[in-house]
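See structure below.
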Amino acid sequence: MLVENNAVQVEPEQLPHWGRVAFAAGCARRVQPLFAEAWPDAIHDRVAAVERAIALAEQSAAEQQASGGLKEALIGALRVAGRALIRHHYPAIVEREEPAPADPQAALVASFTAKVAEKAAEAAAAAPGDSGRPVREAYQFALDAIRAAGRSELMEVLEADLVAAARKAHRKQ
């Protein structure tokens, strides 16, 4: 943790492994409501896949061990991220009818939020030395979802979450 002019600068990679996983899961939980706003008619399986990836990442962080089913959960969230984009961004490959996000921007928001859940699960499944990249990606996808949704006030919330996670980790040392 670096403090300059009373401002704290933290990178997710500076957190210990389970702190990183908890932060990534927290990012996913923070942007999860954006998924519901962007894709209110998503079928139950899509909503459940995002929830499962987040819940397993949270459980892993809390128990400080990888939960069973993480690989399947991250694949499920990855599929949701792709499916959210198909109707508006790849209409030629729509395989079957199911409700889609209302417009291309909503499709991006839904896809980005599912990617955050995917990356949180990936971080939880990763070895401690390998969790930095998916956590960084979870954070970046969360910021992308927030920007795409036009909800800039959530950026400060995520930054505060990161600082709080770094302070918590620093106190434990």
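Labels for the structure tokens follow display order: chains A, B, ..., residues from 1 in each chain, ligands from 1.
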Using only C-alpha atoms, what table do you get, as JSON lines, when you list each residue of stretch 48-124 of chain A with an atom no more than 12 Å from stretch 150-162 of chain A, its nearest pair of atoms, and their distance in Å rounded to one decimal, rows by chain then rising number?
{"residue": "A:Gln105", "atom": "CA", "partner": "A:Gly150", "partner_atom": "CA", "distance": 10.1}
{"residue": "A:Ala106", "atom": "CA", "partner": "A:Gly150", "partner_atom": "CA", "distance": 10.7}
{"residue": "A:Leu108", "atom": "CA", "partner": "A:Gly150", "partner_atom": "CA", "distance": 11.8}
{"residue": "A:Val109", "atom": "CA", "partner": "A:Gly150", "partner_atom": "CA", "distance": 9.7}
If you count only C-alpha atoms, which residues fall within 8 Å of stretch 122-136 of chain A, apart from same-chain ones fewer than 4 positions away, as a VMD selection string? chain A and resid 12 to 13 17 to 18 20 to 21 23 to 24 57 60 to 61 65 to 67 70 to 71 74 118 140
Can you write out the residues you just picked, keeping N, CA and C atoms, as a PDB file, in the first residue's frame?
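As written to disk, again31.pdb reads:
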ATOM      1  N   PRO A  12      -4.597  -4.375  -7.003  1.00  0.00           N
ATOM      2  CA  PRO A  12      -5.146  -5.637  -6.496  1.00  0.00           C
ATOM      3  C   PRO A  12      -4.080  -6.704  -6.251  1.00  0.00           C
ATOM      4  N   GLU A  13      -3.033  -6.709  -7.067  1.00  0.00           N
ATOM      5  CA  GLU A  13      -1.980  -7.703  -6.928  1.00  0.00           C
ATOM      6  C   GLU A  13      -1.222  -7.571  -5.604  1.00  0.00           C
ATOM      7  N   HIS A  17      -3.356 -13.572  -1.465  1.00  0.00           N
ATOM      8  CA  HIS A  17      -4.210 -14.370  -2.358  1.00  0.00           C
ATOM      9  C   HIS A  17      -5.685 -14.335  -1.972  1.00  0.00           C
ATOM     10  N   TRP A  18      -6.040 -14.730  -0.750  1.00  0.00           N
ATOM     11  CA  TRP A  18      -7.467 -14.806  -0.402  1.00  0.00           C
ATOM     12  C   TRP A  18      -8.080 -13.424  -0.270  1.00  0.00           C
ATOM     13  N   ARG A  20      -7.244 -11.048  -2.373  1.00  0.00           N
ATOM     14  CA  ARG A  20      -7.513 -10.765  -3.797  1.00  0.00           C
ATOM     15  C   ARG A  20      -8.806 -11.433  -4.228  1.00  0.00           C
ATOM     16  N   VAL A  21      -8.965 -12.705  -3.845  1.00  0.00           N
ATOM     17  CA  VAL A  21     -10.184 -13.433  -4.229  1.00  0.00           C
ATOM     18  C   VAL A  21     -11.413 -12.744  -3.628  1.00  0.00           C
ATOM     19  N   PHE A  23     -11.704  -9.631  -2.831  1.00  0.00           N
ATOM     20  CA  PHE A  23     -11.917  -8.379  -3.542  1.00  0.00           C
ATOM     21  C   PHE A  23     -12.593  -8.627  -4.888  1.00  0.00           C
ATOM     22  N   ALA A  24     -12.129  -9.625  -5.640  1.00  0.00           N
ATOM     23  CA  ALA A  24     -12.740  -9.930  -6.946  1.00  0.00           C
ATOM     24  C   ALA A  24     -14.202 -10.330  -6.771  1.00  0.00           C
ATOM     25  N   ALA A  57     -16.898 -18.020  -5.370  1.00  0.00           N
ATOM     26  CA  ALA A  57     -15.709 -17.198  -5.102  1.00  0.00           C
ATOM     27  C   ALA A  57     -15.763 -16.640  -3.687  1.00  0.00           C
ATOM     28  N   SER A  60     -15.077 -19.492  -1.264  1.00  0.00           N
ATOM     29  CA  SER A  60     -13.658 -19.843  -1.286  1.00  0.00           C
ATOM     30  C   SER A  60     -12.838 -18.855  -0.469  1.00  0.00           C
ATOM     31  N   ALA A  61     -13.109 -17.569  -0.652  1.00  0.00           N
ATOM     32  CA  ALA A  61     -12.373 -16.545   0.092  1.00  0.00           C
ATOM     33  C   ALA A  61     -12.634 -16.678   1.591  1.00  0.00           C
ATOM     34  N   GLN A  65      -9.983 -21.606   0.921  1.00  0.00           N
ATOM     35  CA  GLN A  65      -9.661 -22.771   0.100  1.00  0.00           C
ATOM     36  C   GLN A  65     -10.637 -22.812  -1.072  1.00  0.00           C
ATOM     37  N   ALA A  66     -10.161 -23.313  -2.187  1.00  0.00           N
ATOM     38  CA  ALA A  66     -10.989 -23.360  -3.386  1.00  0.00           C
ATOM     39  C   ALA A  66     -12.177 -24.294  -3.174  1.00  0.00           C
ATOM     40  N   SER A  67     -13.348 -23.796  -3.458  1.00  0.00           N
ATOM     41  CA  SER A  67     -14.571 -24.587  -3.353  1.00  0.00           C
ATOM     42  C   SER A  67     -14.711 -25.501  -4.560  1.00  0.00           C
ATOM     43  N   LEU A  70     -15.752 -24.709  -8.977  1.00  0.00           N
ATOM     44  CA  LEU A  70     -15.328 -23.394  -9.487  1.00  0.00           C
ATOM     45  C   LEU A  70     -15.112 -23.392 -11.001  1.00  0.00           C
ATOM     46  N   LYS A  71     -14.504 -24.438 -11.517  1.00  0.00           N
ATOM     47  CA  LYS A  71     -14.239 -24.472 -12.961  1.00  0.00           C
ATOM     48  C   LYS A  71     -15.549 -24.442 -13.744  1.00  0.00           C
ATOM     49  N   LEU A  74     -17.090 -20.932 -13.463  1.00  0.00           N
ATOM     50  CA  LEU A  74     -16.487 -19.895 -14.298  1.00  0.00           C
ATOM     51  C   LEU A  74     -16.845 -20.111 -15.758  1.00  0.00           C
ATOM     52  N   GLU A 118     -17.060 -14.434 -13.697  1.00  0.00           N
ATOM     53  CA  GLU A 118     -16.156 -15.457 -14.236  1.00  0.00           C
ATOM     54  C   GLU A 118     -14.750 -15.292 -13.670  1.00  0.00           C
ATOM     55  N   GLN A 140     -11.072  -4.684 -13.728  1.00  0.00           N
ATOM     56  CA  GLN A 140     -11.211  -3.931 -14.971  1.00  0.00           C
ATOM     57  C   GLN A 140     -12.579  -4.151 -15.625  1.00  0.00           C
TER      58      GLN A 140
END
Among chain A, which ones does DSSP place in helix (DSSP H, G or I), written as a compact mmCIF listing (two decimals) with N, CA and C atoms, in the first residue's frame?
# COMPACT_ATOMS: atom_id res chain seq x y z
N PRO A 12 -4.60 -4.38 -7.00
CA PRO A 12 -5.15 -5.64 -6.50
C PRO A 12 -4.08 -6.70 -6.25
N GLU A 13 -3.03 -6.71 -7.07
CA GLU A 13 -1.98 -7.70 -6.93
C GLU A 13 -1.22 -7.57 -5.60
N GLN A 14 -1.33 -6.44 -4.94
CA GLN A 14 -0.65 -6.22 -3.66
C GLN A 14 -1.32 -6.95 -2.51
N HIS A 17 -3.36 -13.57 -1.47
CA HIS A 17 -4.21 -14.37 -2.36
C HIS A 17 -5.69 -14.33 -1.97
N TRP A 18 -6.04 -14.73 -0.75
CA TRP A 18 -7.47 -14.81 -0.40
C TRP A 18 -8.08 -13.42 -0.27
N GLY A 19 -7.28 -12.43 0.04
CA GLY A 19 -7.76 -11.04 0.00
C GLY A 19 -8.08 -10.62 -1.42
N ARG A 20 -7.24 -11.05 -2.37
CA ARG A 20 -7.51 -10.77 -3.80
C ARG A 20 -8.81 -11.43 -4.23
N VAL A 21 -8.96 -12.71 -3.85
CA VAL A 21 -10.18 -13.43 -4.23
C VAL A 21 -11.41 -12.74 -3.63
N ALA A 22 -11.33 -12.36 -2.36
CA ALA A 22 -12.46 -11.67 -1.72
C ALA A 22 -12.75 -10.35 -2.43
N PHE A 23 -11.70 -9.63 -2.83
CA PHE A 23 -11.92 -8.38 -3.54
C PHE A 23 -12.59 -8.63 -4.89
N ALA A 24 -12.13 -9.63 -5.64
CA ALA A 24 -12.74 -9.93 -6.95
C ALA A 24 -14.20 -10.33 -6.77
N ALA A 25 -14.48 -11.16 -5.76
CA ALA A 25 -15.87 -11.55 -5.50
C ALA A 25 -16.70 -10.33 -5.11
N GLY A 26 -16.09 -9.42 -4.35
CA GLY A 26 -16.78 -8.19 -3.97
C GLY A 26 -17.09 -7.32 -5.18
N CYS A 27 -16.14 -7.26 -6.12
CA CYS A 27 -16.39 -6.51 -7.37
C CYS A 27 -17.60 -7.10 -8.09
N ALA A 28 -17.62 -8.44 -8.17
CA ALA A 28 -18.73 -9.11 -8.85
C ALA A 28 -20.06 -8.82 -8.16
N ARG A 29 -20.05 -8.87 -6.84
CA ARG A 29 -21.27 -8.62 -6.08
C ARG A 29 -21.72 -7.16 -6.26
N ARG A 30 -20.77 -6.23 -6.31
CA ARG A 30 -21.12 -4.81 -6.48
C ARG A 30 -21.79 -4.54 -7.81
N VAL A 31 -21.33 -5.21 -8.88
CA VAL A 31 -21.90 -4.93 -10.21
C VAL A 31 -23.03 -5.88 -10.59
N GLN A 32 -23.27 -6.89 -9.79
CA GLN A 32 -24.34 -7.84 -10.10
C GLN A 32 -25.69 -7.15 -10.34
N PRO A 33 -26.07 -6.12 -9.58
CA PRO A 33 -27.34 -5.45 -9.88
C PRO A 33 -27.39 -4.84 -11.29
N LEU A 34 -26.24 -4.48 -11.84
CA LEU A 34 -26.21 -3.95 -13.20
C LEU A 34 -26.62 -5.01 -14.21
N PHE A 35 -26.28 -6.27 -13.91
CA PHE A 35 -26.69 -7.38 -14.78
C PHE A 35 -28.21 -7.45 -14.84
N ALA A 36 -28.84 -7.40 -13.68
CA ALA A 36 -30.31 -7.47 -13.63
C ALA A 36 -30.96 -6.28 -14.33
N GLU A 37 -30.36 -5.11 -14.20
CA GLU A 37 -30.88 -3.93 -14.88
C GLU A 37 -30.72 -4.04 -16.39
N ALA A 38 -29.58 -4.55 -16.82
CA ALA A 38 -29.29 -4.63 -18.24
C ALA A 38 -30.03 -5.76 -18.94
N HIS A 44 -33.59 -17.97 -16.22
CA HIS A 44 -33.11 -18.34 -14.88
C HIS A 44 -31.70 -18.93 -14.92
N ASP A 45 -31.41 -19.79 -15.89
CA ASP A 45 -30.09 -20.42 -15.96
C ASP A 45 -28.97 -19.40 -16.10
N ARG A 46 -29.21 -18.31 -16.81
CA ARG A 46 -28.18 -17.28 -17.00
C ARG A 46 -27.94 -16.55 -15.67
N VAL A 47 -29.01 -16.16 -15.01
CA VAL A 47 -28.91 -15.47 -13.73
C VAL A 47 -28.24 -16.37 -12.70
N ALA A 48 -28.64 -17.63 -12.68
CA ALA A 48 -28.08 -18.59 -11.71
C ALA A 48 -26.60 -18.83 -11.96
N ALA A 49 -26.17 -18.84 -13.20
CA ALA A 49 -24.75 -19.07 -13.51
C ALA A 49 -23.88 -17.94 -12.96
N VAL A 50 -24.34 -16.71 -13.11
CA VAL A 50 -23.60 -15.57 -12.58
C VAL A 50 -23.57 -15.64 -11.05
N GLU A 51 -24.71 -15.90 -10.45
CA GLU A 51 -24.79 -16.00 -8.99
C GLU A 51 -23.89 -17.11 -8.46
N ARG A 52 -23.87 -18.25 -9.12
CA ARG A 52 -23.06 -19.39 -8.66
C ARG A 52 -21.58 -19.04 -8.68
N ALA A 53 -21.11 -18.40 -9.74
CA ALA A 53 -19.70 -18.03 -9.82
C ALA A 53 -19.32 -17.08 -8.69
N ILE A 54 -20.19 -16.11 -8.43
CA ILE A 54 -19.91 -15.15 -7.35
C ILE A 54 -19.94 -15.86 -6.00
N ALA A 55 -20.97 -16.65 -5.76
CA ALA A 55 -21.12 -17.31 -4.47
C ALA A 55 -19.96 -18.26 -4.17
N LEU A 56 -19.50 -19.00 -5.17
CA LEU A 56 -18.38 -19.91 -4.95
C LEU A 56 -17.08 -19.15 -4.70
N ALA A 57 -16.90 -18.02 -5.37
CA ALA A 57 -15.71 -17.20 -5.10
C ALA A 57 -15.76 -16.64 -3.69
N GLU A 58 -16.93 -16.16 -3.27
CA GLU A 58 -17.09 -15.65 -1.90
C GLU A 58 -16.83 -16.76 -0.88
N GLN A 59 -17.39 -17.93 -1.13
CA GLN A 59 -17.22 -19.06 -0.21
C GLN A 59 -15.74 -19.45 -0.13
N SER A 60 -15.08 -19.49 -1.26
CA SER A 60 -13.66 -19.84 -1.29
C SER A 60 -12.84 -18.86 -0.47
N ALA A 61 -13.11 -17.57 -0.65
CA ALA A 61 -12.37 -16.55 0.09
C ALA A 61 -12.63 -16.68 1.59
N ALA A 62 -13.88 -16.91 1.96
CA ALA A 62 -14.23 -17.02 3.38
C ALA A 62 -13.58 -18.24 4.02
N GLU A 63 -13.53 -19.34 3.29
CA GLU A 63 -12.96 -20.57 3.83
C GLU A 63 -11.46 -20.70 3.57
N LEU A 70 -15.75 -24.71 -8.98
CA LEU A 70 -15.33 -23.39 -9.49
C LEU A 70 -15.11 -23.39 -11.00
N LYS A 71 -14.50 -24.44 -11.52
CA LYS A 71 -14.24 -24.47 -12.96
C LYS A 71 -15.55 -24.44 -13.74
N GLU A 72 -16.51 -25.25 -13.32
CA GLU A 72 -17.80 -25.27 -13.99
C GLU A 72 -18.51 -23.92 -13.85
N ALA A 73 -18.38 -23.31 -12.68
CA ALA A 73 -19.02 -22.02 -12.46
C ALA A 73 -18.41 -20.94 -13.33
N LEU A 74 -17.09 -20.93 -13.46
CA LEU A 74 -16.49 -19.90 -14.30
C LEU A 74 -16.85 -20.11 -15.76
N ILE A 75 -16.95 -21.36 -16.19
CA ILE A 75 -17.38 -21.64 -17.57
C ILE A 75 -18.82 -21.19 -17.77
N GLY A 76 -19.67 -21.42 -16.79
CA GLY A 76 -21.06 -20.97 -16.88
C GLY A 76 -21.16 -19.47 -17.02
N ALA A 77 -20.39 -18.73 -16.22
CA ALA A 77 -20.41 -17.27 -16.31
C ALA A 77 -19.84 -16.80 -17.64
N LEU A 78 -18.82 -17.47 -18.13
CA LEU A 78 -18.25 -17.15 -19.45
C LEU A 78 -19.30 -17.32 -20.54
N ARG A 79 -20.07 -18.38 -20.47
CA ARG A 79 -21.14 -18.60 -21.45
C ARG A 79 -22.20 -17.49 -21.39
N VAL A 80 -22.53 -17.05 -20.19
CA VAL A 80 -23.50 -15.97 -20.05
C VAL A 80 -22.95 -14.69 -20.69
N ALA A 81 -21.67 -14.41 -20.45
CA ALA A 81 -21.06 -13.21 -21.03
C ALA A 81 -21.16 -13.23 -22.54
N GLY A 82 -20.90 -14.37 -23.14
CA GLY A 82 -21.01 -14.49 -24.59
C GLY A 82 -22.44 -14.39 -25.07
N ARG A 83 -23.33 -15.08 -24.39
CA ARG A 83 -24.74 -15.09 -24.79
C ARG A 83 -25.35 -13.69 -24.73
N ALA A 84 -24.94 -12.89 -23.78
CA ALA A 84 -25.48 -11.52 -23.66
C ALA A 84 -25.19 -10.70 -24.91
N LEU A 85 -24.08 -10.98 -25.57
CA LEU A 85 -23.67 -10.19 -26.73
C LEU A 85 -24.25 -10.66 -28.06
N ILE A 86 -24.64 -11.91 -28.13
CA ILE A 86 -24.95 -12.51 -29.43
C ILE A 86 -26.02 -11.76 -30.21
N ARG A 87 -27.17 -11.52 -29.62
CA ARG A 87 -28.29 -10.95 -30.38
C ARG A 87 -27.93 -9.60 -31.01
N HIS A 88 -27.23 -8.75 -30.27
CA HIS A 88 -26.96 -7.40 -30.76
C HIS A 88 -25.63 -7.27 -31.48
N HIS A 89 -24.67 -8.08 -31.12
CA HIS A 89 -23.33 -7.92 -31.70
C HIS A 89 -22.98 -9.01 -32.71
N PRO A 91 -25.64 -11.10 -34.61
CA PRO A 91 -27.00 -11.60 -34.87
C PRO A 91 -27.05 -12.79 -35.83
N ALA A 92 -26.03 -12.97 -36.64
CA ALA A 92 -26.06 -14.08 -37.60
C ALA A 92 -25.93 -15.45 -36.94
N ILE A 93 -25.47 -15.48 -35.69
CA ILE A 93 -25.27 -16.78 -35.05
C ILE A 93 -26.25 -17.07 -33.91
N PRO A 104 -27.69 -2.87 -27.69
CA PRO A 104 -26.27 -3.21 -27.64
C PRO A 104 -25.55 -2.74 -26.37
N GLN A 105 -25.93 -1.59 -25.84
CA GLN A 105 -25.28 -1.09 -24.63
C GLN A 105 -25.63 -1.96 -23.43
N ALA A 106 -26.89 -2.34 -23.31
CA ALA A 106 -27.30 -3.24 -22.23
C ALA A 106 -26.60 -4.59 -22.37
N ALA A 107 -26.41 -5.04 -23.60
CA ALA A 107 -25.71 -6.30 -23.83
C ALA A 107 -24.27 -6.22 -23.32
N LEU A 108 -23.62 -5.10 -23.54
CA LEU A 108 -22.26 -4.92 -23.02
C LEU A 108 -22.24 -4.95 -21.50
N VAL A 109 -23.17 -4.25 -20.89
CA VAL A 109 -23.23 -4.22 -19.42
C VAL A 109 -23.43 -5.63 -18.87
N ALA A 110 -24.38 -6.37 -19.44
CA ALA A 110 -24.64 -7.73 -18.98
C ALA A 110 -23.41 -8.62 -19.18
N SER A 111 -22.76 -8.49 -20.32
CA SER A 111 -21.58 -9.29 -20.60
C SER A 111 -20.43 -8.95 -19.65
N PHE A 112 -20.18 -7.67 -19.45
CA PHE A 112 -19.10 -7.26 -18.55
C PHE A 112 -19.34 -7.76 -17.12
N THR A 113 -20.59 -7.69 -16.66
CA THR A 113 -20.86 -8.14 -15.29
C THR A 113 -20.67 -9.65 -15.16
N ALA A 114 -21.08 -10.39 -16.18
CA ALA A 114 -20.84 -11.84 -16.15
C ALA A 114 -19.35 -12.14 -16.18
N LYS A 115 -18.58 -11.33 -16.90
CA LYS A 115 -17.11 -11.52 -16.93
C LYS A 115 -16.49 -11.28 -15.56
N VAL A 116 -17.02 -10.34 -14.80
CA VAL A 116 -16.50 -10.11 -13.45
C VAL A 116 -16.71 -11.37 -12.61
N ALA A 117 -17.90 -11.95 -12.69
CA ALA A 117 -18.18 -13.18 -11.95
C ALA A 117 -17.26 -14.31 -12.40
N GLU A 118 -17.06 -14.43 -13.70
CA GLU A 118 -16.16 -15.46 -14.24
C GLU A 118 -14.75 -15.29 -13.67
N LYS A 119 -14.24 -14.07 -13.70
CA LYS A 119 -12.87 -13.82 -13.25
C LYS A 119 -12.73 -14.00 -11.75
N ALA A 120 -13.77 -13.70 -10.98
CA ALA A 120 -13.72 -13.95 -9.54
C ALA A 120 -13.60 -15.44 -9.27
N ALA A 121 -14.38 -16.25 -9.99
CA ALA A 121 -14.29 -17.70 -9.84
C ALA A 121 -12.93 -18.21 -10.30
N GLU A 122 -12.41 -17.64 -11.37
CA GLU A 122 -11.08 -18.04 -11.86
C GLU A 122 -10.01 -17.74 -10.82
N ALA A 123 -10.10 -16.58 -10.18
CA ALA A 123 -9.13 -16.22 -9.14
C ALA A 123 -9.21 -17.20 -7.97
N ALA A 124 -10.42 -17.58 -7.60
CA ALA A 124 -10.60 -18.51 -6.48
C ALA A 124 -10.03 -19.88 -6.81
N ALA A 125 -10.09 -20.27 -8.06
CA ALA A 125 -9.58 -21.58 -8.48
C ALA A 125 -8.08 -21.57 -8.69
N PRO A 128 -2.18 -19.50 -5.48
CA PRO A 128 -1.92 -18.16 -4.93
C PRO A 128 -1.04 -17.27 -5.82
N GLY A 129 -0.05 -17.82 -6.44
CA GLY A 129 0.82 -17.02 -7.30
C GLY A 129 0.22 -16.65 -8.63
N ASP A 130 -0.92 -17.26 -8.96
CA ASP A 130 -1.54 -17.04 -10.27
C ASP A 130 -2.85 -16.26 -10.20
N GLY A 132 -3.38 -13.08 -9.33
CA GLY A 132 -3.30 -11.64 -9.58
C GLY A 132 -3.93 -11.22 -10.89
N ARG A 133 -3.65 -11.95 -11.97
CA ARG A 133 -4.18 -11.58 -13.28
C ARG A 133 -5.72 -11.64 -13.31
N PRO A 134 -6.35 -12.75 -12.90
CA PRO A 134 -7.82 -12.74 -12.95
C PRO A 134 -8.46 -11.71 -12.02
N VAL A 135 -7.81 -11.40 -10.91
CA VAL A 135 -8.35 -10.37 -10.02
C VAL A 135 -8.27 -9.01 -10.70
N ARG A 136 -7.14 -8.72 -11.32
CA ARG A 136 -7.00 -7.46 -12.07
C ARG A 136 -8.06 -7.38 -13.16
N GLU A 137 -8.28 -8.49 -13.86
CA GLU A 137 -9.29 -8.52 -14.92
C GLU A 137 -10.70 -8.34 -14.36
N ALA A 138 -10.98 -8.95 -13.21
CA ALA A 138 -12.30 -8.77 -12.59
C ALA A 138 -12.53 -7.29 -12.29
N TYR A 139 -11.52 -6.65 -11.74
CA TYR A 139 -11.62 -5.22 -11.42
C TYR A 139 -11.84 -4.39 -12.68
N GLN A 140 -11.07 -4.68 -13.73
CA GLN A 140 -11.21 -3.93 -14.97
C GLN A 140 -12.58 -4.15 -15.62
N PHE A 141 -13.05 -5.41 -15.63
CA PHE A 141 -14.39 -5.67 -16.18
C PHE A 141 -15.46 -4.97 -15.35
N ALA A 142 -15.28 -4.90 -14.05
CA ALA A 142 -16.24 -4.19 -13.20
C ALA A 142 -16.27 -2.71 -13.57
N LEU A 143 -15.10 -2.13 -13.76
CA LEU A 143 -15.04 -0.72 -14.17
C LEU A 143 -15.67 -0.54 -15.55
N ASP A 144 -15.44 -1.48 -16.46
CA ASP A 144 -16.06 -1.41 -17.79
C ASP A 144 -17.58 -1.48 -17.69
N ALA A 145 -18.09 -2.36 -16.83
CA ALA A 145 -19.54 -2.49 -16.66
C ALA A 145 -20.12 -1.20 -16.10
N ILE A 146 -19.43 -0.63 -15.14
CA ILE A 146 -19.89 0.63 -14.52
C ILE A 146 -19.92 1.75 -15.55
N ARG A 147 -18.86 1.86 -16.34
CA ARG A 147 -18.83 2.89 -17.39
C ARG A 147 -19.95 2.67 -18.41
N ALA A 148 -20.10 1.43 -18.87
CA ALA A 148 -21.10 1.13 -19.88
C ALA A 148 -22.52 1.40 -19.36
N ALA A 149 -22.71 1.20 -18.07
CA ALA A 149 -24.03 1.45 -17.46
C ALA A 149 -24.25 2.92 -17.12
N GLU A 153 -20.69 6.69 -10.17
CA GLU A 153 -20.60 6.75 -8.71
C GLU A 153 -20.12 5.42 -8.12
N LEU A 154 -20.32 4.34 -8.84
CA LEU A 154 -19.86 3.03 -8.36
C LEU A 154 -18.35 2.86 -8.45
N MET A 155 -17.69 3.67 -9.28
CA MET A 155 -16.23 3.58 -9.38
C MET A 155 -15.58 3.91 -8.05
N GLU A 156 -16.08 4.94 -7.40
CA GLU A 156 -15.54 5.32 -6.10
C GLU A 156 -15.78 4.23 -5.06
N VAL A 157 -16.89 3.55 -5.17
CA VAL A 157 -17.20 2.47 -4.25
C VAL A 157 -16.19 1.34 -4.42
N LEU A 158 -15.91 0.96 -5.67
CA LEU A 158 -14.93 -0.10 -5.93
C LEU A 158 -13.54 0.31 -5.44
N GLU A 159 -13.17 1.55 -5.68
CA GLU A 159 -11.86 2.02 -5.21
C GLU A 159 -11.79 1.98 -3.69
N ALA A 160 -12.86 2.36 -3.03
CA ALA A 160 -12.90 2.31 -1.56
C ALA A 160 -12.82 0.86 -1.08
N ASP A 161 -13.46 -0.06 -1.79
CA ASP A 161 -13.38 -1.49 -1.44
C ASP A 161 -11.94 -1.98 -1.53
N LEU A 162 -11.23 -1.55 -2.56
CA LEU A 162 -9.84 -1.97 -2.74
C LEU A 162 -8.96 -1.42 -1.63
N VAL A 163 -9.13 -0.17 -1.31
CA VAL A 163 -8.36 0.44 -0.21
C VAL A 163 -8.67 -0.26 1.11
N ALA A 164 -9.94 -0.55 1.36
CA ALA A 164 -10.32 -1.24 2.60
C ALA A 164 -9.70 -2.63 2.65
N ALA A 165 -9.67 -3.33 1.53
CA ALA A 165 -9.05 -4.67 1.49
C ALA A 165 -7.56 -4.58 1.76
N ALA A 166 -6.92 -3.55 1.22
CA ALA A 166 -5.47 -3.38 1.45
C ALA A 166 -5.19 -3.03 2.92
N ARG A 167 -6.01 -2.20 3.48
CA ARG A 167 -5.82 -1.84 4.90
C ARG A 167 -6.03 -3.05 5.80
N LYS A 168 -7.03 -3.86 5.49
CA LYS A 168 -7.29 -5.07 6.25
C LYS A 168 -6.10 -6.02 6.17
N ALA A 169 -5.58 -6.20 4.97
CA ALA A 169 -4.41 -7.08 4.77
C ALA A 169 -3.20 -6.52 5.51
N HIS A 170 -3.03 -5.21 5.48
CA HIS A 170 -1.88 -4.57 6.13
C HIS A 170 -1.95 -4.77 7.65
N ARG A 171 -3.16 -4.67 8.21
CA ARG A 171 -3.33 -4.86 9.66
C ARG A 171 -3.01 -6.29 10.07
N LYS A 172 -3.27 -7.26 9.21
CA LYS A 172 -3.02 -8.66 9.54
C LYS A 172 -1.53 -9.01 9.52
In chain A, DSSP strand (DSSP E) residues written as a PyMOL selection string: chain A and resi 2-4+7-9
Please save N, CA and C atoms of the selected residues as a PDB file, in the first residue's frame.
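Saved result, out.pdb, follows:
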ATOM      1  N   LEU A   2       0.649   2.149  -0.891  1.00  0.00           N
ATOM      2  CA  LEU A   2       1.443   3.352  -1.038  1.00  0.00           C
ATOM      3  C   LEU A   2       0.566   4.556  -0.716  1.00  0.00           C
ATOM      4  N   VAL A   3       1.049   5.420   0.164  1.00  0.00           N
ATOM      5  CA  VAL A   3       0.298   6.623   0.518  1.00  0.00           C
ATOM      6  C   VAL A   3       1.069   7.830   0.027  1.00  0.00           C
ATOM      7  N   GLU A   4       0.428   8.642  -0.805  1.00  0.00           N
ATOM      8  CA  GLU A   4       1.013   9.870  -1.326  1.00  0.00           C
ATOM      9  C   GLU A   4       0.011  11.001  -1.140  1.00  0.00           C
ATOM     10  N   ALA A   7      -3.427  10.292  -0.211  1.00  0.00           N
ATOM     11  CA  ALA A   7      -4.191   9.434  -1.105  1.00  0.00           C
ATOM     12  C   ALA A   7      -3.548   8.048  -1.091  1.00  0.00           C
ATOM     13  N   VAL A   8      -4.357   7.048  -1.038  1.00  0.00           N
ATOM     14  CA  VAL A   8      -3.854   5.684  -1.011  1.00  0.00           C
ATOM     15  C   VAL A   8      -3.907   5.120  -2.424  1.00  0.00           C
ATOM     16  N   GLN A   9      -2.793   4.575  -2.856  1.00  0.00           N
ATOM     17  CA  GLN A   9      -2.734   3.918  -4.161  1.00  0.00           C
ATOM     18  C   GLN A   9      -2.501   2.438  -3.913  1.00  0.00           C
TER      19      GLN A   9
END
